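Chemist: Okay, so here is my_file-v4.pdb, and as you'll see once you scroll down, it has PDB, C-alpha atoms and all ligand atoms.
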ATOM      1  CA  MET A   1       9.035  10.509 -18.000
ATOM      2  CA  LYS A   2       8.964   8.732 -14.679
ATOM      3  CA  SER A   3       6.895   5.775 -13.486
ATOM      4  CA  LEU A   4       6.277   4.344 -10.020
ATOM      5  CA  ILE A   5       6.804   0.591 -10.120
ATOM      6  CA  ASP A   6       8.698   0.134  -6.878
ATOM      7  CA  ILE A   7       8.687   2.461  -3.858
ATOM      8  CA  LEU A   8      12.477   2.763  -4.277
ATOM      9  CA  ASP A   9      11.815   4.587  -7.556
ATOM     10  CA  LEU A  10      11.265   7.545  -5.211
ATOM     11  CA  SER A  11      14.017   8.982  -3.012
ATOM     12  CA  THR A  12      13.147   9.861   0.585
ATOM     13  CA  LYS A  13      13.370  13.516  -0.476
ATOM     14  CA  GLU A  14      10.777  12.938  -3.203
ATOM     15  CA  ILE A  15       8.558  11.119  -0.695
ATOM     16  CA  ASP A  16       8.862  14.091   1.679
ATOM     17  CA  GLU A  17       7.858  16.402  -1.173
ATOM     18  CA  LEU A  18       4.851  14.229  -2.019
ATOM     19  CA  MET A  19       3.768  14.249   1.620
ATOM     20  CA  ALA A  20       4.139  18.032   1.796
ATOM     21  CA  CYS A  21       2.121  18.363  -1.398
ATOM     22  CA  ALA A  22      -0.610  16.038  -0.040
ATOM     23  CA  GLU A  23      -0.789  18.136   3.119
ATOM     24  CA  ASP A  24      -1.135  21.295   1.022
ATOM     25  CA  ILE A  25      -3.920  19.658  -1.013
ATOM     26  CA  ILE A  26      -5.740  18.791   2.223
ATOM     27  CA  SER A  27      -5.500  22.425   3.389
ATOM     28  CA  ASN A  28      -6.178  24.104   0.017
ATOM     29  CA  PRO A  29      -8.226  21.746  -2.177
ATOM     30  CA  ASP A  30      -9.518  24.571  -4.414
ATOM     31  CA  LYS A  31      -6.009  25.421  -5.536
ATOM     32  CA  TYR A  32      -5.768  22.011  -7.171
ATOM     33  CA  ALA A  33      -9.250  21.674  -8.655
ATOM     34  CA  ASP A  34      -8.140  22.429 -12.219
ATOM     35  CA  LYS A  35      -4.565  21.187 -12.274
ATOM     36  CA  CYS A  36      -5.248  18.177 -14.492
ATOM     37  CA  ARG A  37      -7.897  19.653 -16.738
ATOM     38  CA  ARG A  38      -8.102  17.751 -20.056
ATOM     39  CA  ARG A  39      -5.770  15.024 -18.723
ATOM     40  CA  LYS A  40      -6.910  11.414 -18.575
ATOM     41  CA  LEU A  41      -6.014   8.636 -16.190
ATOM     42  CA  ALA A  42      -6.551   5.039 -17.296
ATOM     43  CA  SER A  43      -7.039   2.462 -14.563
ATOM     44  CA  LEU A  44      -6.439  -1.111 -15.675
ATOM     45  CA  PHE A  45      -7.449  -3.480 -12.891
ATOM     46  CA  PHE A  46      -6.899  -7.160 -13.604
ATOM     47  CA  GLU A  47      -7.563  -7.970  -9.904
ATOM     48  CA  PRO A  48     -10.289  -6.909  -7.442
ATOM     49  CA  SER A  49      -9.940  -3.520  -5.774
ATOM     50  CA  THR A  50     -12.088  -1.010  -3.921
ATOM     51  CA  ARG A  51      -9.816   1.561  -2.289
ATOM     52  CA  THR A  52      -6.913   1.680  -4.686
ATOM     53  CA  ARG A  53      -8.929   1.981  -7.877
ATOM     54  CA  LEU A  54     -11.566   4.343  -6.536
ATOM     55  CA  SER A  55      -9.066   6.543  -4.723
ATOM     56  CA  PHE A  56      -7.057   6.935  -7.932
ATOM     57  CA  GLU A  57     -10.221   7.781  -9.827
ATOM     58  CA  ALA A  58     -11.398  10.207  -7.135
ATOM     59  CA  ALA A  59      -7.913  11.736  -7.051
ATOM     60  CA  MET A  60      -7.923  12.424 -10.794
ATOM     61  CA  ILE A  61     -11.471  13.771 -10.722
ATOM     62  CA  GLU A  62     -10.593  16.138  -7.862
ATOM     63  CA  LEU A  63      -7.693  17.415  -9.948
ATOM     64  CA  GLY A  64     -10.131  18.276 -12.725
ATOM     65  CA  GLY A  65      -9.116  15.381 -14.974
ATOM     66  CA  SER A  66     -11.078  12.394 -16.201
ATOM     67  CA  VAL A  67     -10.774   8.650 -15.910
ATOM     68  CA  LEU A  68     -11.317   5.616 -18.100
ATOM     69  CA  GLY A  69     -10.541   1.950 -17.646
ATOM     70  CA  PHE A  70     -11.768  -1.438 -16.570
ATOM     71  CA  SER A  71     -12.108  -3.132 -13.210
ATOM     72  CA  GLU A  72     -11.890  -6.772 -14.189
ATOM     73  CA  ALA A  73      -9.715  -8.685 -16.604
ATOM     74  CA  GLN A  74     -12.749 -10.495 -18.033
ATOM     75  CA  SER A  75     -14.150  -7.282 -19.478
ATOM     76  CA  SER A  76     -10.894  -6.445 -21.289
ATOM     77  CA  SER A  77      -9.171  -8.084 -24.245
ATOM     78  CA  ALA A  78      -6.977  -9.973 -21.759
ATOM     79  CA  ALA A  79      -9.885 -12.438 -21.846
ATOM     80  CA  LYS A  80      -9.094 -12.959 -25.538
ATOM     81  CA  GLY A  81      -5.430 -13.567 -24.815
ATOM     82  CA  GLU A  82      -3.984 -10.072 -25.306
ATOM     83  CA  SER A  83      -0.634  -9.459 -23.607
ATOM     84  CA  VAL A  84      -0.144  -6.827 -20.889
ATOM     85  CA  ALA A  85       2.279  -5.011 -23.199
ATOM     86  CA  ASP A  86      -0.273  -4.749 -26.013
ATOM     87  CA  THR A  87      -3.096  -3.703 -23.679
ATOM     88  CA  ALA A  88      -0.884  -1.010 -22.154
ATOM     89  CA  ARG A  89       0.320   0.187 -25.573
ATOM     90  CA  THR A  90      -3.290   0.456 -26.730
ATOM     91  CA  VAL A  91      -4.501   2.369 -23.690
ATOM     92  CA  SER A  92      -1.534   4.738 -23.852
ATOM     93  CA  ALA A  93      -3.056   6.047 -27.086
ATOM     94  CA  PHE A  94      -6.073   7.257 -25.078
ATOM     95  CA  ALA A  95      -4.645   8.390 -21.733
ATOM     96  CA  ASP A  96      -1.876  10.503 -20.191
ATOM     97  CA  ILE A  97      -1.128   8.247 -17.227
ATOM     98  CA  LEU A  98      -1.758   4.587 -16.572
ATOM     99  CA  VAL A  99      -2.501   2.805 -13.294
ATOM    100  CA  ILE A 100      -2.276  -0.965 -13.371
ATOM    101  CA  ARG A 101      -3.012  -3.800 -10.924
ATOM    102  CA  HIS A 102      -2.229  -7.327 -12.020
ATOM    103  CA  PRO A 103      -1.900 -10.769 -10.391
ATOM    104  CA  LEU A 104       1.465 -11.343 -12.084
ATOM    105  CA  GLU A 105       4.534  -9.903 -10.418
ATOM    106  CA  GLY A 106       6.305  -7.551 -12.815
ATOM    107  CA  ALA A 107       3.287  -6.832 -15.039
ATOM    108  CA  PRO A 108       3.334  -3.064 -14.297
ATOM    109  CA  LEU A 109       7.037  -2.996 -15.173
ATOM    110  CA  VAL A 110       6.297  -4.694 -18.496
ATOM    111  CA  ALA A 111       3.620  -2.070 -19.140
ATOM    112  CA  ALA A 112       6.046   0.756 -18.284
ATOM    113  CA  MET A 113       8.641  -0.629 -20.690
ATOM    114  CA  ASN A 114       6.132  -0.531 -23.523
ATOM    115  CA  VAL A 115       4.451   2.857 -23.253
ATOM    116  CA  PRO A 116       5.552   6.492 -23.527
ATOM    117  CA  ILE A 117       3.449   7.670 -20.547
ATOM    118  CA  PRO A 118       3.953   7.288 -16.757
ATOM    119  CA  VAL A 119       2.809   3.973 -15.269
ATOM    120  CA  ILE A 120       1.845   3.423 -11.648
ATOM    121  CA  ASN A 121       1.960  -0.014 -10.042
ATOM    122  CA  ALA A 122      -1.283  -0.443  -8.098
ATOM    123  CA  GLY A 123      -0.259  -3.891  -6.824
ATOM    124  CA  ASP A 124       1.458  -6.766  -8.650
ATOM    125  CA  GLY A 125       0.796 -10.226  -7.245
ATOM    126  CA  GLY A 126       2.444 -10.822  -3.883
ATOM    127  CA  HIS A 127       5.268  -8.444  -4.816
ATOM    128  CA  ASN A 128       4.809  -4.703  -4.268
ATOM    129  CA  HIS A 129       2.179  -2.034  -3.710
ATOM    130  CA  PRO A 130       4.014   1.308  -3.642
ATOM    131  CA  THR A 131       1.009   3.638  -3.558
ATOM    132  CA  GLN A 132      -0.484   1.891  -0.521
ATOM    133  CA  THR A 133       2.889   2.508   1.051
ATOM    134  CA  LEU A 134       2.676   6.214   0.236
ATOM    135  CA  ALA A 135      -0.682   6.283   2.031
ATOM    136  CA  ASP A 136       0.888   4.382   4.932
ATOM    137  CA  LEU A 137       3.814   6.800   5.140
ATOM    138  CA  LEU A 138       1.549   9.838   5.164
ATOM    139  CA  THR A 139      -0.478   8.210   7.941
ATOM    140  CA  ILE A 140       2.644   7.514   9.996
ATOM    141  CA  GLN A 141       3.905  11.087   9.479
ATOM    142  CA  ALA A 142       0.512  12.544  10.441
ATOM    143  CA  GLU A 143       0.013  10.332  13.484
ATOM    144  CA  LYS A 144       3.548  10.214  14.824
ATOM    145  CA  GLY A 145       4.846  13.579  13.627
ATOM    146  CA  ARG A 146       8.052  11.855  12.526
ATOM    147  CA  MET A 147       9.315   9.109  10.234
ATOM    148  CA  ASN A 148      12.212   7.881  12.358
ATOM    149  CA  HIS A 149      12.991   6.267  15.709
ATOM    150  CA  MET A 150      10.068   3.943  16.205
ATOM    151  CA  THR A 151       9.145   0.294  16.595
ATOM    152  CA  ILE A 152       6.833  -1.001  13.908
ATOM    153  CA  GLY A 153       5.099  -4.356  14.301
ATOM    154  CA  LEU A 154       3.847  -5.958  11.097
ATOM    155  CA  CYS A 155       1.423  -8.751  11.804
ATOM    156  CA  GLY A 156      -0.274 -11.470   9.747
ATOM    157  CA  ASP A 157       0.549 -12.551   6.207
ATOM    158  CA  LEU A 158       4.051 -11.201   5.718
ATOM    159  CA  LYS A 159       4.770 -13.686   2.938
ATOM    160  CA  PHE A 160       2.137 -12.746   0.380
ATOM    161  CA  GLY A 161       1.256  -9.277   1.696
ATOM    162  CA  ARG A 162       2.610  -6.922  -0.961
ATOM    163  CA  THR A 163       1.859  -3.835   1.119
ATOM    164  CA  VAL A 164       4.175  -5.249   3.794
ATOM    165  CA  HIS A 165       7.060  -5.659   1.354
ATOM    166  CA  SER A 166       6.779  -2.109   0.045
ATOM    167  CA  LEU A 167       6.394  -0.647   3.543
ATOM    168  CA  LEU A 168       9.511  -2.480   4.757
ATOM    169  CA  GLN A 169      11.419  -1.105   1.771
ATOM    170  CA  ALA A 170      10.267   2.425   2.413
ATOM    171  CA  MET A 171      10.641   2.584   6.195
ATOM    172  CA  SER A 172      14.020   0.817   6.261
ATOM    173  CA  ARG A 173      15.523   3.993   4.777
ATOM    174  CA  TYR A 174      14.723   6.107   7.854
ATOM    175  CA  ASP A 175      16.881   6.263  10.999
ATOM    176  CA  GLY A 176      16.279   4.214  14.096
ATOM    177  CA  ILE A 177      13.543   1.949  12.769
ATOM    178  CA  GLU A 178      12.997  -1.349  14.500
ATOM    179  CA  PHE A 179      10.701  -3.831  12.784
ATOM    180  CA  ILE A 180       9.025  -6.653  14.656
ATOM    181  CA  LEU A 181       7.749  -9.207  12.170
ATOM    182  CA  ILE A 182       4.838 -11.110  13.676
ATOM    183  CA  SER A 183       3.566 -14.109  11.723
ATOM    184  CA  PRO A 184       3.095 -17.853  11.812
ATOM    185  CA  ASP A 185       6.084 -19.796  10.460
ATOM    186  CA  GLU A 186       4.410 -20.426   7.101
ATOM    187  CA  LEU A 187       3.767 -16.712   6.482
ATOM    188  CA  LYS A 188       7.128 -15.181   7.345
ATOM    189  CA  VAL A 189       8.713 -12.392   5.285
ATOM    190  CA  PRO A 190      10.381 -13.984   2.206
ATOM    191  CA  GLU A 191      14.148 -14.547   2.465
ATOM    192  CA  HIS A 192      14.916 -12.193  -0.421
ATOM    193  CA  VAL A 193      13.112  -9.334   1.355
ATOM    194  CA  LYS A 194      15.203 -10.024   4.455
ATOM    195  CA  THR A 195      18.525 -10.058   2.621
ATOM    196  CA  ASP A 196      17.847  -7.280   0.117
ATOM    197  CA  ILE A 197      16.015  -4.871   2.397
ATOM    198  CA  LEU A 198      16.234  -5.660   6.082
ATOM    199  CA  GLU A 199      19.853  -6.753   6.226
ATOM    200  CA  ALA A 200      21.076  -4.182   3.712
ATOM    201  CA  GLY A 201      19.862  -1.111   5.598
ATOM    202  CA  THR A 202      20.403   0.446   8.999
ATOM    203  CA  CYS A 203      17.109  -0.780  10.463
ATOM    204  CA  SER A 204      16.931  -3.733  12.823
ATOM    205  CA  TYR A 205      14.372  -6.505  12.884
ATOM    206  CA  THR A 206      13.209  -9.450  14.950
ATOM    207  CA  GLU A 207      10.743 -12.212  14.111
ATOM    208  CA  THR A 208       8.170 -13.764  16.396
ATOM    209  CA  SER A 209       4.868 -15.565  16.196
ATOM    210  CA  ASN A 210       3.657 -14.091  19.496
ATOM    211  CA  LEU A 211       1.820 -10.772  19.112
ATOM    212  CA  MET A 212       1.071 -10.375  22.816
ATOM    213  CA  GLU A 213       4.692 -10.736  23.820
ATOM    214  CA  VAL A 214       5.712  -7.674  21.768
ATOM    215  CA  MET A 215       2.542  -5.575  22.019
ATOM    216  CA  PRO A 216       3.877  -3.242  24.784
ATOM    217  CA  GLU A 217       6.886  -2.252  22.640
ATOM    218  CA  LEU A 218       5.011  -1.143  19.540
ATOM    219  CA  ASP A 219       4.573   2.435  18.288
ATOM    220  CA  VAL A 220       2.819   1.236  15.129
ATOM    221  CA  LEU A 221       0.912  -2.015  14.643
ATOM    222  CA  TYR A 222       0.349  -2.819  10.958
ATOM    223  CA  MET A 223      -2.229  -5.610  10.744
ATOM    224  CA  THR A 224      -2.788  -7.530   7.501
ATOM    225  CA  ARG A 225      -5.266  -9.943   5.975
ATOM    226  CA  VAL A 226      -4.179 -13.491   5.166
ATOM    227  CA  GLN A 227      -4.078 -13.360   1.349
ATOM    228  CA  ARG A 228      -6.462 -16.167   0.466
ATOM    229  CA  GLU A 229      -6.105 -15.709  -3.309
ATOM    230  CA  ARG A 230      -2.367 -16.452  -3.195
ATOM    231  CA  PHE A 231      -2.642 -19.792  -1.365
ATOM    232  CA  ILE A 232      -2.277 -23.017  -3.278
ATOM    233  CA  SER A 233      -4.176 -24.974  -0.623
ATOM    234  CA  GLU A 234      -7.521 -23.740   0.749
ATOM    235  CA  ALA A 235      -6.976 -25.973   3.803
ATOM    236  CA  ASP A 236      -3.777 -24.066   4.640
ATOM    237  CA  TYR A 237      -5.639 -20.770   4.308
ATOM    238  CA  VAL A 238      -8.418 -21.968   6.615
ATOM    239  CA  ARG A 239      -5.869 -23.150   9.181
ATOM    240  CA  LEU A 240      -3.961 -19.848   9.170
ATOM    241  CA  LYS A 241      -6.579 -17.190   8.510
ATOM    242  CA  ASP A 242      -7.516 -16.416  12.092
ATOM    243  CA  THR A 243      -4.071 -16.691  13.671
ATOM    244  CA  TYR A 244      -4.220 -13.081  14.876
ATOM    245  CA  ILE A 245      -7.390 -11.362  15.957
ATOM    246  CA  LEU A 246      -7.042  -8.043  17.735
ATOM    247  CA  THR A 247      -9.331  -7.581  20.740
ATOM    248  CA  PRO A 248      -9.872  -4.722  23.202
ATOM    249  CA  ASP A 249      -8.383  -6.972  25.850
ATOM    250  CA  LYS A 250      -5.179  -7.503  23.899
ATOM    251  CA  LEU A 251      -4.897  -3.765  23.271
ATOM    252  CA  LYS A 252      -4.806  -3.117  27.022
ATOM    253  CA  ALA A 253      -1.157  -4.146  26.868
ATOM    254  CA  ALA A 254      -0.366  -1.610  24.114
ATOM    255  CA  LYS A 255       0.982   1.941  24.371
ATOM    256  CA  SER A 256      -1.653   4.638  24.733
ATOM    257  CA  ASP A 257      -0.348   6.316  21.566
ATOM    258  CA  LEU A 258      -0.104   3.153  19.472
ATOM    259  CA  THR A 259      -1.063   3.703  15.812
ATOM    260  CA  ILE A 260      -3.138   0.766  14.521
ATOM    261  CA  MET A 261      -2.965   0.475  10.751
ATOM    262  CA  HIS A 262      -4.325  -1.941   8.135
ATOM    263  CA  PRO A 263      -4.257  -1.522   4.341
ATOM    264  CA  LEU A 264      -7.797  -2.980   4.241
ATOM    265  CA  PRO A 265      -9.857  -4.946   3.322
ATOM    266  CA  ARG A 266      -9.977  -6.565   6.752
ATOM    267  CA  VAL A 267     -11.556  -9.942   7.322
ATOM    268  CA  ASN A 268     -11.515 -11.160  10.941
ATOM    269  CA  GLU A 269      -8.190  -9.767  12.123
ATOM    270  CA  ILE A 270      -9.648  -6.476  13.374
ATOM    271  CA  PRO A 271     -13.179  -6.789  14.810
ATOM    272  CA  THR A 272     -15.360  -3.700  14.337
ATOM    273  CA  ILE A 273     -15.367  -3.075  18.086
ATOM    274  CA  ILE A 274     -11.790  -1.799  17.694
ATOM    275  CA  ASP A 275     -12.946   0.932  15.271
ATOM    276  CA  SER A 276     -13.963   3.280  18.056
ATOM    277  CA  ASP A 277     -10.577   2.996  19.783
ATOM    278  CA  PRO A 278      -8.802   6.334  19.187
ATOM    279  CA  ARG A 279      -5.701   4.377  18.206
ATOM    280  CA  ALA A 280      -7.448   2.835  15.175
ATOM    281  CA  CYS A 281      -6.185   4.689  12.086
ATOM    282  CA  TYR A 282      -7.137   2.440   9.164
ATOM    283  CA  PHE A 283      -9.981   4.567   7.883
ATOM    284  CA  LYS A 284      -7.805   7.680   8.145
ATOM    285  CA  GLN A 285      -5.305   5.740   6.052
ATOM    286  CA  VAL A 286      -7.945   5.405   3.326
ATOM    287  CA  ARG A 287      -8.449   9.190   3.270
ATOM    288  CA  TYR A 288      -4.745   9.916   3.141
ATOM    289  CA  GLY A 289      -4.540   7.465   0.223
ATOM    290  CA  LYS A 290      -6.546   9.755  -2.018
ATOM    291  CA  TYR A 291      -4.508  12.877  -1.202
ATOM    292  CA  ILE A 292      -1.124  11.235  -1.665
ATOM    293  CA  ARG A 293      -2.311   9.790  -5.003
ATOM    294  CA  MET A 294      -3.326  13.306  -6.059
ATOM    295  CA  ALA A 295       0.198  14.458  -5.214
ATOM    296  CA  LEU A 296       1.680  11.516  -7.118
ATOM    297  CA  ILE A 297      -0.390  12.165 -10.250
ATOM    298  CA  LEU A 298       0.736  15.815 -10.219
ATOM    299  CA  LYS A 299       4.357  14.774  -9.885
ATOM    300  CA  LEU A 300       4.314  12.120 -12.610
ATOM    301  CA  LEU A 301       2.422  14.383 -15.011
ATOM    302  CA  GLU A 302       4.910  17.150 -14.136
ATOM    303  CA  VAL A 303       2.139  19.579 -13.262
ATOM    304  CA  ASP A 304       3.343  22.611 -11.293
TER     305      ASP A 304
HETATM  306  C1  LIG A 401      -4.174  -4.432  -0.263
HETATM  307  C2  LIG A 401      -3.729  -5.070  -1.558
HETATM  308  O1  LIG A 401      -4.438  -5.028  -2.559
HETATM  309  O2  LIG A 401      -2.614  -5.574  -1.548
HETATM  310  N1  LIG A 401      -5.339  -3.692  -0.429
HETATM  311  C3  LIG A 401      -5.231  -2.368  -0.781
HETATM  312  O3  LIG A 401      -4.859  -2.036  -1.881
HETATM  313  N2  LIG A 401      -5.498  -1.446   0.140
HETATM  314  C4  LIG A 401      -4.235  -5.353   0.889
HETATM  315  C5  LIG A 401      -5.032  -6.621   0.783
HETATM  316  O4  LIG A 401      -5.661  -6.898  -0.243
HETATM  317  O5  LIG A 401      -5.044  -7.346   1.754
END
As structure tokens, please, write out the structure in this file.
Ligand code: NCD
Modeler:
Amino acid sequence: MKSLIDILDLSTKEIDELMACAEDIISNPDKYADKCRRRKLASLFFEPSTRTRLSFEAAMIELGGSVLGFSEAQSSSAAKGESVADTARTVSAFADILVIRHPLEGAPLVAAMNVPIPVINAGDGGHNHPTQTLADLLTIQAEKGRMNHMTIGLCGDLKFGRTVHSLLQAMSRYDGIEFILISPDELKVPEHVKTDILEAGTCSYTETSNLMEVMPELDVLYMTRVQRERFISEADYVRLKDTYILTPDKLKAAKSDLTIMHPLPRVNEIPTIIDSDPRACYFKQVRYGKYIRMALILKLLEVD
């Protein structure tokens, strides 16, 4: 039995297979309509979510399975003081696969250590978000036609943004990747991510606070929201939240085949006027998210 807690739980070969499976699902949805009949997915969301939770639920429904779960901690026994381990153990009696989002880093791992069914990390605090990364990778593959030799700018809250950490982990394993980390000083990528991931691999990286200076070099621009809920001081959040706002004018300096991504939800960092730019891919990313989660469910449930 395998779980997905960290994107490195999957080899690049397994990621390639998941992407190929997702592409096959997109082309032949009927083939998959019954694959998870009588299987149940439990989604335990202790933190707000729109895309991740609903795309998992839609994914399971499209595979012919069913879903159960809760979307806020207050409606579960966590409100009475139950531990993550006990909640997970309980739900594993009712479901075949468990998806969990939690504000505490490591909570999905604790769940996985306590249940006999596969567990998927749907975001743990400011740590990791491997299934968003799978959606991101499928988007990059679809838009660029390759996973190597490109310059990826990640912009915004690189400190608390868990999707950033997982994406860095995943993309650093491909050849010829250059990361440009664009953030204010206070929101730089944590030191441990730099030493464990960026300095350990074959990728290269530079840090800057100036988006415009690097815009012409980028093949992918991954924008992020400043993660308000992880700030200790509201005043710091207010000071930093609008550091980067993409505008049509700024995009004039970008490559014509730039891929603009964002895990969503966006706040002010991408105004809606950008949505009609053919380079804007964040709503495509949402769609890919459902298909890659379908592929992941099939893999973890060992369905043919
Ligand atoms: C992200 C998350 O939850 O980390 N959202 C998502 O799952 N697509 C990004 C964010 O909340 O900013």
Chemist: For the file shown, what are the residues hit by the PyMOL selection byres (((chain A and resi 127) around 9) and not hetatm), laid out as a VMD selection string?
Modeler: chain A and resid 104 to 106 123 to 126 128 to 129 160 to 163 165 to 166
Chemist: Evaluate the PyMOL selection byres (((chain A and resi 144) around 12) and not hetatm) on the structure here and hand back the selected residues as number ranges by chain.
Modeler: A: 136-143, 145-152, 219-220, 257-260, 279, 281
Chemist: For Gly156 (chain A), work out the shell of residues within 9 Å, counting all atoms listed in the file and skipping chain neighbours fewer than 4 positions away, then give it as JSON, numbers by chain.
Modeler: {"A": [161, 181, 182, 183, 184, 187, 188, 222, 223, 224, 225, 226, 241, 243, 244, 269]}
Chemist: Return as lines of an AutoDock Vina configuration file the centre and edge lengths, in Å with one decimal, of the box along x, y and z that encloses every atom of ligand LIG 401 (chain A) in the file, padded by 6 Å per side.
Modeler:
center_x = -4.1
center_y = -4.4
center_z = -0.4
size_x = 15.0
size_y = 17.9
size_z = 16.3
Chemist: Which one is closest to ligand LIG 401 (chain A): A:Leu221, A:Ile274, A:Ala254, A:Val267? Count only C-alpha atoms and all ligand atoms.
Modeler: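 Selected residue with least distance to ligand LIG 401 (chain A): A:Val267.
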Chemist: A:Ile177, A:Leu211, A:Ile26, A:Leu134: which is nearest ligand LIG 401 (chain A), counting only C-alpha atoms and all ligand atoms?
Modeler: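 Distance minimum relative to ligand LIG 401 (chain A) lands on A:Leu134.
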Chemist: Out of A:Ala111, A:Ile232, A:Ile270, A:Val164, which residue has the shortest atom-to-atom distance to ligand LIG 401 (chain A) when counting all atoms listed in the file?
Modeler: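 The answer is A:Val164, which sits nearest to ligand LIG 401 (chain A).
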Chemist: Translate the PyMOL selection byres (((chain A and resi 51) around 12) and not hetatm), as applied to the file shown, into an explicit residue set as a list in words.
Modeler: Phe45, Pro48, Ser49, Thr50, Thr52, Arg53, Leu54, Ser55, Phe56, Glu57, Ala58, Ala59, Ala122, Gly123, Thr131, Gln132, Ala135, Pro263, Leu264, Pro265, Tyr282, Phe283, Gln285, Val286, Arg287, Tyr288, Gly289, Lys290 and Arg293 of chain A
